[in-house]
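To be precise, the following lines are start_23.tsv, and they hold TSV, C-alpha atoms.
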chain	number	residue	atom	x	y	z
A	1	MET	CA	0.00	0.00	0.00
A	2	ASN	CA	1.13	3.53	-0.86
A	3	ARG	CA	2.52	5.03	2.38
A	4	ASN	CA	1.28	8.51	1.54
A	5	PRO	CA	-1.55	8.58	-1.03
A	6	PHE	CA	-1.84	12.35	-0.58
A	7	SER	CA	1.62	13.02	-2.00
A	8	LEU	CA	1.95	14.79	-5.36
A	9	GLU	CA	5.61	13.83	-5.86
A	10	GLY	CA	6.38	13.29	-9.54
A	11	THR	CA	3.26	15.05	-10.79
A	12	THR	CA	3.00	17.93	-13.23
A	13	VAL	CA	-0.14	20.03	-12.86
A	14	LEU	CA	-1.52	22.84	-15.01
A	15	VAL	CA	-3.19	25.51	-12.85
A	16	THR	CA	-5.19	28.27	-14.56
A	17	GLY	CA	-5.96	31.52	-12.77
A	18	ALA	CA	-2.67	31.03	-10.94
A	19	SER	CA	-1.92	34.72	-10.50
A	20	SER	CA	-4.15	35.19	-7.45
A	21	GLY	CA	-6.75	33.79	-5.06
A	22	ILE	CA	-7.65	30.10	-5.19
A	23	GLY	CA	-5.34	29.47	-8.18
A	24	ARG	CA	-2.30	30.86	-6.39
A	25	ALA	CA	-3.08	28.95	-3.17
A	26	THR	CA	-3.60	25.77	-5.20
A	27	ALA	CA	-0.22	26.12	-6.87
A	28	LEU	CA	1.44	26.63	-3.49
A	29	ARG	CA	-0.23	23.54	-2.00
A	30	ILE	CA	0.71	21.40	-5.03
A	31	SER	CA	4.33	22.54	-4.75
A	32	LEU	CA	4.43	21.81	-1.01
A	33	LEU	CA	3.21	18.28	-1.74
A	34	GLY	CA	6.01	17.77	-4.24
A	35	GLY	CA	4.33	18.57	-7.56
A	36	VAL	CA	5.56	20.76	-10.42
A	37	CYS	CA	3.19	23.60	-11.37
A	38	LEU	CA	2.46	25.00	-14.81
A	39	LEU	CA	1.16	28.45	-14.01
A	40	SER	CA	-1.37	29.90	-16.42
A	41	GLY	CA	-2.82	33.41	-16.34
A	42	ARG	CA	-2.88	36.61	-18.35
A	43	ASP	CA	-0.59	38.72	-16.14
A	44	GLU	CA	3.00	37.50	-16.38
A	45	GLU	CA	4.24	39.68	-13.53
A	46	ARG	CA	1.69	38.29	-11.08
A	47	LEU	CA	2.39	34.74	-12.29
A	48	GLU	CA	6.05	35.37	-11.50
A	49	GLU	CA	5.01	36.45	-7.98
A	50	THR	CA	3.18	33.15	-7.62
A	51	ARG	CA	6.23	31.23	-8.84
A	52	ARG	CA	8.44	32.97	-6.29
A	53	SER	CA	6.07	31.88	-3.49
A	54	LEU	CA	6.23	28.19	-4.45
A	55	SER	CA	8.30	25.43	-2.93
A	56	GLY	CA	10.75	23.63	-5.22
A	57	GLU	CA	11.86	24.42	-8.75
A	58	ARG	CA	10.98	23.60	-12.37
A	59	HIS	CA	7.65	25.46	-12.16
A	60	LEU	CA	6.76	26.98	-15.52
A	61	LEU	CA	5.03	30.26	-16.41
A	62	LEU	CA	2.48	30.08	-19.23
A	63	PRO	CA	1.12	33.59	-19.78
A	64	GLY	CA	-1.61	33.92	-22.40
A	65	ASP	CA	-5.30	33.77	-23.25
A	66	LEU	CA	-6.72	30.28	-22.73
A	67	ALA	CA	-9.89	30.91	-24.69
A	68	ASP	CA	-7.67	31.43	-27.75
A	69	GLU	CA	-7.88	28.16	-29.66
A	70	GLU	CA	-4.54	28.81	-31.36
A	71	PHE	CA	-2.68	29.66	-28.16
A	72	VAL	CA	-3.66	26.53	-26.21
A	73	PRO	CA	-2.04	23.93	-28.52
A	74	GLU	CA	1.17	26.01	-28.55
A	75	MET	CA	1.10	26.20	-24.76
A	76	ILE	CA	0.59	22.44	-24.35
A	77	ALA	CA	3.36	21.72	-26.89
A	78	ARG	CA	5.70	23.82	-24.75
A	79	VAL	CA	4.60	21.95	-21.62
A	80	LEU	CA	5.26	18.58	-23.29
A	81	SER	CA	8.73	19.54	-24.39
A	82	GLU	CA	9.73	21.07	-21.06
A	83	THR	CA	8.02	18.91	-18.44
A	84	GLY	CA	6.42	15.95	-20.24
A	85	PRO	CA	2.77	14.75	-20.17
A	86	LEU	CA	0.38	16.23	-17.63
A	87	SER	CA	-0.76	14.50	-14.44
A	88	GLY	CA	-3.35	17.09	-13.53
A	89	PHE	CA	-5.28	20.14	-14.64
A	90	VAL	CA	-7.05	22.55	-12.28
A	91	HIS	CA	-9.27	25.27	-13.75
A	92	CYS	CA	-9.29	28.14	-11.25
A	93	ALA	CA	-9.54	30.95	-13.81
A	94	GLY	CA	-12.89	32.62	-13.48
A	95	LEU	CA	-14.74	35.90	-13.85
A	96	GLU	CA	-17.56	37.06	-11.59
A	97	ARG	CA	-19.97	39.82	-12.47
A	98	THR	CA	-22.89	40.77	-10.23
A	99	LEU	CA	-25.63	42.44	-12.25
A	100	PRO	CA	-29.42	42.46	-12.12
A	101	PHE	CA	-30.70	40.23	-14.91
A	102	ARG	CA	-32.29	43.24	-16.63
A	103	SER	CA	-28.86	44.90	-16.94
A	104	THR	CA	-27.12	41.89	-18.48
A	105	SER	CA	-26.43	41.49	-22.18
A	106	LEU	CA	-25.49	38.47	-24.25
A	107	GLU	CA	-22.14	40.17	-24.78
A	108	ASP	CA	-21.56	40.23	-20.99
A	109	LEU	CA	-22.56	36.57	-20.77
A	110	HIS	CA	-20.22	35.54	-23.58
A	111	GLU	CA	-17.31	37.46	-22.04
A	112	LEU	CA	-17.79	35.58	-18.78
A	113	MET	CA	-18.37	32.21	-20.46
A	114	ARG	CA	-15.16	32.65	-22.42
A	115	VAL	CA	-13.12	32.39	-19.24
A	116	ASN	CA	-15.33	30.25	-17.00
A	117	LEU	CA	-16.26	27.61	-19.56
A	118	ASP	CA	-14.60	28.02	-22.99
A	119	ALA	CA	-11.08	28.07	-21.52
A	120	PHE	CA	-11.72	24.83	-19.61
A	121	TRP	CA	-13.25	23.27	-22.73
A	122	THR	CA	-10.33	24.30	-24.95
A	123	VAL	CA	-7.66	23.05	-22.55
A	124	CYS	CA	-9.47	19.72	-22.03
A	125	LYS	CA	-9.77	19.19	-25.78
A	126	GLU	CA	-6.04	19.59	-26.11
A	127	ILE	CA	-4.74	17.67	-23.10
A	128	LEU	CA	-7.05	14.68	-23.55
A	129	ARG	CA	-5.30	13.79	-26.79
A	130	LYS	CA	-3.08	10.73	-26.69
A	131	GLY	CA	0.45	11.37	-25.48
A	132	LYS	CA	-0.37	14.68	-23.81
A	133	HIS	CA	-1.34	13.29	-20.42
A	134	LYS	CA	-0.32	10.53	-18.07
A	135	GLU	CA	-2.54	7.45	-17.60
A	136	ASN	CA	-4.15	8.65	-14.39
A	137	LEU	CA	-4.82	12.27	-15.35
A	138	SER	CA	-6.98	14.08	-12.78
A	139	VAL	CA	-8.94	17.19	-13.78
A	140	VAL	CA	-10.50	19.52	-11.21
A	141	GLY	CA	-12.89	22.38	-11.95
A	142	ILE	CA	-13.59	25.20	-9.52
A	143	ALA	CA	-17.32	25.84	-9.77
A	144	SER	CA	-19.29	27.68	-7.06
A	145	ILE	CA	-22.15	27.34	-4.62
A	146	ALA	CA	-23.77	29.93	-6.91
A	147	ALA	CA	-24.38	27.05	-9.34
A	148	LYS	CA	-26.54	25.30	-6.73
A	149	PHE	CA	-28.20	28.09	-4.75
A	150	GLY	CA	-29.85	31.21	-6.11
A	151	VAL	CA	-28.13	34.51	-5.42
A	152	SER	CA	-29.65	37.75	-6.77
A	153	GLY	CA	-27.54	39.33	-9.49
A	154	ASN	CA	-25.59	36.16	-10.16
A	155	THR	CA	-27.33	34.88	-13.29
A	156	MET	CA	-24.32	34.90	-15.61
A	157	TYR	CA	-21.86	33.54	-13.06
A	158	SER	CA	-24.16	30.79	-11.81
A	159	ALA	CA	-25.10	29.75	-15.35
A	160	SER	CA	-21.41	29.47	-16.28
A	161	LYS	CA	-20.55	27.45	-13.18
A	162	GLY	CA	-23.61	25.21	-13.63
A	163	ALA	CA	-22.45	24.52	-17.16
A	164	LEU	CA	-18.97	23.68	-15.87
A	165	ILE	CA	-20.42	21.14	-13.41
A	166	SER	CA	-22.53	19.47	-16.11
A	167	LEU	CA	-19.58	19.33	-18.48
A	168	ILE	CA	-17.34	17.79	-15.82
A	169	ARG	CA	-19.89	15.11	-14.89
A	170	THR	CA	-20.26	14.17	-18.55
A	171	LEU	CA	-16.52	14.06	-19.17
A	172	ALA	CA	-16.17	11.92	-16.03
A	173	VAL	CA	-18.35	9.23	-17.58
A	174	GLU	CA	-16.89	9.55	-21.07
A	175	TYR	CA	-13.29	9.20	-19.89
A	176	ALA	CA	-13.69	6.76	-16.98
A	177	PRO	CA	-12.80	3.79	-19.24
A	178	LYS	CA	-9.41	5.44	-19.78
A	179	GLY	CA	-8.87	5.97	-16.07
A	180	ILE	CA	-9.05	9.77	-16.40
A	181	ARG	CA	-10.91	11.44	-13.54
A	182	PHE	CA	-12.91	14.71	-13.49
A	183	ASN	CA	-14.16	16.30	-10.29
A	184	CYS	CA	-15.55	19.62	-9.25
A	185	ILE	CA	-15.45	21.82	-6.15
A	186	CYS	CA	-18.15	24.31	-5.20
A	187	PRO	CA	-16.57	26.87	-2.88
A	188	GLY	CA	-18.59	29.29	-0.76
A	189	TYR	CA	-17.38	32.88	-0.47
A	190	VAL	CA	-13.60	32.88	-0.12
A	191	GLN	CA	-11.25	35.75	0.79
A	192	THR	CA	-9.96	36.59	-2.68
A	193	PRO	CA	-9.68	39.69	-4.87
A	194	MET	CA	-13.04	38.59	-6.35
A	195	LEU	CA	-14.67	38.91	-2.91
A	196	GLU	CA	-13.07	42.32	-2.33
A	197	LYS	CA	-14.90	43.63	-5.39
A	198	LEU	CA	-18.22	42.47	-3.93
A	199	LYS	CA	-17.51	44.47	-0.76
A	200	ALA	CA	-18.10	47.70	-2.64
A	201	LEU	CA	-21.74	46.74	-3.04
A	202	TYR	CA	-22.42	46.86	0.71
A	203	SER	CA	-23.07	50.03	2.68
A	204	SER	CA	-20.32	49.31	5.22
A	205	GLU	CA	-17.60	46.79	6.01
A	206	GLU	CA	-19.57	45.71	9.10
A	207	GLU	CA	-22.67	45.00	7.02
A	208	PHE	CA	-20.56	42.97	4.61
A	209	ASP	CA	-18.93	40.94	7.40
A	210	THR	CA	-22.26	40.32	9.16
A	211	THR	CA	-23.88	39.15	5.93
A	212	MET	CA	-20.97	36.86	5.06
A	213	ASN	CA	-20.83	35.33	8.54
A	214	ARG	CA	-24.58	34.77	8.57
A	215	MET	CA	-24.25	32.86	5.28
A	216	HIS	CA	-21.35	30.65	6.42
A	217	PRO	CA	-21.57	28.84	9.81
A	218	LEU	CA	-17.76	28.45	9.73
A	219	GLY	CA	-17.15	32.00	8.49
A	220	VAL	CA	-15.73	33.08	5.13
A	221	GLY	CA	-13.19	30.67	3.66
A	222	LYS	CA	-9.54	31.11	2.80
A	223	PRO	CA	-8.07	30.18	-0.60
A	224	GLU	CA	-6.07	27.38	1.04
A	225	ASP	CA	-9.30	25.73	2.28
A	226	VAL	CA	-10.20	25.12	-1.35
A	227	ALA	CA	-6.61	24.40	-2.40
A	228	ASN	CA	-6.37	21.52	0.09
A	229	THR	CA	-9.41	19.83	-1.44
A	230	VAL	CA	-7.98	20.34	-4.92
A	231	ALA	CA	-4.76	18.65	-3.82
A	232	PHE	CA	-6.75	15.68	-2.50
A	233	LEU	CA	-8.61	15.36	-5.81
A	234	LEU	CA	-5.32	15.43	-7.73
A	235	SER	CA	-3.73	12.81	-5.51
A	236	PRO	CA	-4.01	8.99	-5.61
A	237	ALA	CA	-6.02	9.27	-2.34
A	238	SER	CA	-9.09	10.12	-4.45
A	239	ARG	CA	-8.52	7.44	-7.10
A	240	TRP	CA	-12.09	6.09	-6.67
A	241	MET	CA	-13.72	9.49	-7.16
A	242	THR	CA	-14.92	10.88	-10.45
A	243	GLY	CA	-17.84	13.12	-11.41
A	244	SER	CA	-18.05	14.32	-7.80
A	245	VAL	CA	-19.19	17.82	-6.92
A	246	ILE	CA	-17.77	18.67	-3.51
A	247	ASP	CA	-19.05	21.62	-1.46
A	248	VAL	CA	-16.24	23.44	0.35
A	249	ASP	CA	-18.39	26.21	1.72
A	250	GLY	CA	-18.10	26.62	5.49
A	251	GLY	CA	-21.58	25.15	5.88
A	252	TYR	CA	-23.31	27.53	3.42
A	253	GLY	CA	-25.32	24.66	1.95
A	254	CYS	CA	-26.62	23.52	5.36
A	255	LEU	CA	-28.65	26.67	5.93
B	1	MET	CA	-31.28	65.58	-20.03
B	2	GLU	CA	-34.34	63.55	-21.05
B	3	GLU	CA	-32.12	60.91	-22.55
B	4	LYS	CA	-30.05	60.65	-19.37
B	5	LEU	CA	-33.11	60.40	-17.16
B	6	ALA	CA	-34.39	57.66	-19.46
B	7	LEU	CA	-31.14	55.75	-19.03
B	8	ILE	CA	-31.48	55.95	-15.23
B	9	ALA	CA	-35.15	54.91	-15.37
B	10	ASP	CA	-34.21	52.01	-17.60
B	11	ALA	CA	-31.41	50.88	-15.26
B	12	LEU	CA	-33.76	51.04	-12.28
B	13	ASP	CA	-36.68	49.59	-14.24
B	14	ALA	CA	-38.73	52.51	-12.89
B	15	ASP	CA	-41.51	54.58	-14.46
B	16	LYS	CA	-39.99	57.51	-16.39
B	17	GLU	CA	-42.37	60.01	-14.75
B	18	VAL	CA	-40.97	59.41	-11.27
B	19	ILE	CA	-37.35	59.85	-12.32
B	20	THR	CA	-36.77	63.58	-11.90
B	21	PRO	CA	-33.51	65.34	-10.94
B	22	GLU	CA	-34.80	66.25	-7.47
B	23	LYS	CA	-36.04	62.77	-6.63
B	24	VAL	CA	-34.49	61.39	-3.44
B	25	LEU	CA	-33.16	57.91	-4.19
B	26	GLU	CA	-34.19	56.38	-0.88
B	27	GLU	CA	-37.80	57.23	-1.69
B	28	LEU	CA	-37.67	54.99	-4.76
B	29	GLU	CA	-38.51	51.36	-4.10
B	30	GLU	CA	-36.38	50.49	-7.14
B	31	TRP	CA	-33.27	51.89	-5.37
B	32	ASP	CA	-32.54	48.56	-3.71
B	33	SER	CA	-29.27	46.58	-3.91
B	34	MET	CA	-29.98	45.43	-7.48
B	35	GLY	CA	-31.00	48.96	-8.45
B	36	VAL	CA	-27.74	50.37	-7.12
B	37	ILE	CA	-25.72	47.77	-9.04
B	38	ALA	CA	-27.73	48.44	-12.22
B	39	VAL	CA	-26.97	52.18	-12.05
B	40	ILE	CA	-23.27	51.57	-11.32
B	41	SER	CA	-23.13	49.22	-14.30
B	42	MET	CA	-24.90	51.72	-16.56
B	43	LEU	CA	-22.39	54.46	-15.63
B	44	ASP	CA	-19.54	52.05	-16.32
B	45	LYS	CA	-20.87	50.80	-19.66
B	46	LYS	CA	-22.16	54.07	-21.10
B	47	TYR	CA	-19.86	56.63	-19.48
B	48	LYS	CA	-16.75	54.57	-18.58
B	49	ILE	CA	-17.04	55.74	-14.98
B	50	GLN	CA	-16.22	53.30	-12.18
B	51	LEU	CA	-17.65	54.60	-8.92
B	52	LYS	CA	-15.80	53.87	-5.70
B	53	ALA	CA	-17.60	52.66	-2.57
B	54	ASP	CA	-17.66	56.12	-0.94
B	55	GLN	CA	-18.97	57.72	-4.15
B	56	ILE	CA	-21.78	55.15	-4.27
B	57	LYS	CA	-22.69	55.86	-0.65
B	58	ALA	CA	-22.74	59.61	-1.39
B	59	LEU	CA	-25.49	59.25	-4.03
B	60	LYS	CA	-28.62	60.84	-2.51
B	61	THR	CA	-30.67	62.14	-5.44
B	62	ILE	CA	-31.10	61.46	-9.15
B	63	ASN	CA	-29.18	64.70	-9.68
B	64	ASP	CA	-26.12	63.14	-8.01
B	65	ILE	CA	-26.20	60.39	-10.63
B	66	LEU	CA	-26.71	62.94	-13.45
B	67	GLU	CA	-23.56	64.77	-12.38
B	68	TYR	CA	-21.50	61.73	-13.32
B	69	MET	CA	-23.19	61.71	-16.71
B	70	GLN	CA	-22.07	65.22	-17.73
B	71	GLU	CA	-19.63	66.18	-20.46
B	72	ARG	CA	-19.08	62.72	-21.83
Is it possible to express this structure as structure tokens?
Amino acid sequence: MNRNPFSLEGTTVLVTGASSGIGRATALRISLLGGVCLLSGRDEERLEETRRSLSGERHLLLPGDLADEEFVPEMIARVLSETGPLSGFVHCAGLERTLPFRSTSLEDLHELMRVNLDAFWTVCKEILRKGKHKENLSVVGIASIAAKFGVSGNTMYSASKGALISLIRTLAVEYAPKGIRFNCICPGYVQTPMLEKLKALYSSEEEFDTTMNRMHPLGVGKPEDVANTVAFLLSPASRWMTGSVIDVDGGYGCL
Amino acid sequence: MEEKLALIADALDADKEVITPEKVLEELEEWDSMGVIAVISMLDKKYKIQLKADQIKALKTINDILEYMQER
């Protein structure tokens, strides 16, 4: 029996949205467990900051636009030549936009979908090809509790995350015969730059804190709370899990 | 002016007749959390203005919103 099934030694994991928040914390956790990170994001400077915070070496920066169908194959070709086939892919890149439904436009929806869904779709299409991944590839999507519970003003975000969950469950079944796993995490509100933006919509910091604490019996989460679950889903410890949608929400869903 | 008032009424989904420069926002039932976000978004999309939290809190009347819609 494997002495430590939670170890990520010898793995190579692509992390999107790695320049901040859950993506950055995920990269750090992977590196601490022995994995090599391929850091994807649009801001090279912030990706470099993430790389400097990681444990170990060989981590690669992959700045660029993931929804660009021409960029992704080039990026994966670079990964293959520099680090070999992938062991894991974590899609943390995501946009949030709170707007009343009446103020939304299809253009707004498409802009959000481009990052939250299209990028995941494009990367999966590329890495699922033969020779581009290891036998036991594990893919993790960061969805949201917004996909499961209604929140006013969240139509575009929740629709995009709901679509991500459905896509992941379908891919889980389609690729199970090949031993490739797909799982999903639904975080509650987590202390990230995304949450800071939401703060501006409340009349005071106290009102914001009270509302957030009322929604989460365990309080607002930290990026590492989600990152730890991602690491578990990437590791051999979760080898019998696929198509799962795990709530990491401080009890949000219990209320 | 009429056009700007119409934009505000549209963002708030309020009747055009009640949206006058002097109208106190708190008296409008449409000035709820979604209404506030809708107006912020309208200013951003149409006028490229991103209001900060203290500027949002300082909005008291329709006229305060109109001031951000000038000369653009």
Practice task
Can you check which residues of chain B have any atom within 8 Å of chain A? Use only C-alpha atoms and format it as a PyMOL selection string.
Solution key: chain B and resi 11+33-35+37-38+41-42+52-53+57
Exercise for the section: Counting all atoms listed in the file, figure out which residue out of A:Leu106, A:Tyr189, A:Ala237, A:Gly17 gets nearest to Gly141 in chain A. Expected result: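 Among the listed residues, A:Gly17 lies closest to Gly141 in chain A.
Residues near the point (-32.1, 65.5, -22.2), at a distance of 12 Å or less over only C-alpha atoms, make up B:Met1, B:Glu2, B:Glu3, B:Lys4, B:Leu5, B:Ala6, B:Leu7, B:Ile8, B:Thr20, B:Pro21, B:Leu66, B:Met69, B:Gln70.
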Completion exercise
Expressed in Å, the length from CA of Phe182 in chain A to CA of Cys124 in chain A is 10.5 Å
Problem - Nearest-residue call for Lys125 in chain A, choices A:Ser81, A:Glu69, A:Leu198, A:Asp249, using all atoms listed in the file - result: A:Glu69
Handout entry: Pick from A:Thr83, A:Ser105, A:Thr122, A:Ser144 nearest to Ile185 in chain A, counting all atoms listed in the file
Key =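 Of A:Thr83, A:Ser105, A:Thr122, A:Ser144, the one nearest Ile185 in chain A, counting all atoms listed in the file, is A:Ser144.
Minimum distance to Asp54 in chain B across A:Gly243, A:Met75, A:Ala146, A:Glu205 (counting all atoms listed in the file) occurs at A:Glu205.
Within 8 Å of the file-frame point (7.0, 16.4, -4.3), and using only C-alpha atoms, the polymer residues found are Ser7, Leu8, Glu9, Gly10, Thr11, Ser31, Leu32, Leu33, Gly34, Gly35 and Val36 of chain A.
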What would the file look like if the residues just selected were written as an mmCIF file, in the frame of the given file with C-alpha atoms?
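Okay, part.cif is ready:
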data_model
loop_
_atom_site.group_PDB
_atom_site.id
_atom_site.type_symbol
_atom_site.label_atom_id
_atom_site.label_comp_id
_atom_site.auth_asym_id
_atom_site.auth_seq_id
_atom_site.Cartn_x
_atom_site.Cartn_y
_atom_site.Cartn_z
ATOM 1 C CA SER A 7 1.620 13.020 -2.000
ATOM 2 C CA LEU A 8 1.950 14.790 -5.360
ATOM 3 C CA GLU A 9 5.610 13.830 -5.860
ATOM 4 C CA GLY A 10 6.380 13.290 -9.540
ATOM 5 C CA THR A 11 3.260 15.050 -10.790
ATOM 6 C CA SER A 31 4.330 22.540 -4.750
ATOM 7 C CA LEU A 32 4.430 21.810 -1.010
ATOM 8 C CA LEU A 33 3.210 18.280 -1.740
ATOM 9 C CA GLY A 34 6.010 17.770 -4.240
ATOM 10 C CA GLY A 35 4.330 18.570 -7.560
ATOM 11 C CA VAL A 36 5.560 20.760 -10.420
#
Handout entry: Close residues, range 107-121 of chain A itself excluded, 6 Å, only C-alpha atoms, min 6 positions apart in chain, as a VMD selection string
Key = chain A and resid 66 to 67 94 to 95 156 160
Practice task
Measure the distance from CA of Leu195 in chain A to CA of Thr211 in chain A in Å and round it to one decimal.
Solution key: 12.8 Å
Problem - Between CA of Glu135 in chain A and CA of Ala172 in chain A, distance in Å (one decimal) - result: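 Spanning CA of Glu135 in chain A to CA of Ala172 in chain A is a straight-line distance of 14.4 Å.
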Problem - Closest of B:Asn63, B:Tyr68, B:Gln50, B:Asp13 to Trp31 in chain B - atom-to-atom distances counting all atoms listed in the file - result: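 Of the candidates, the smallest distance to Trp31 in chain B is held by B:Asp13.
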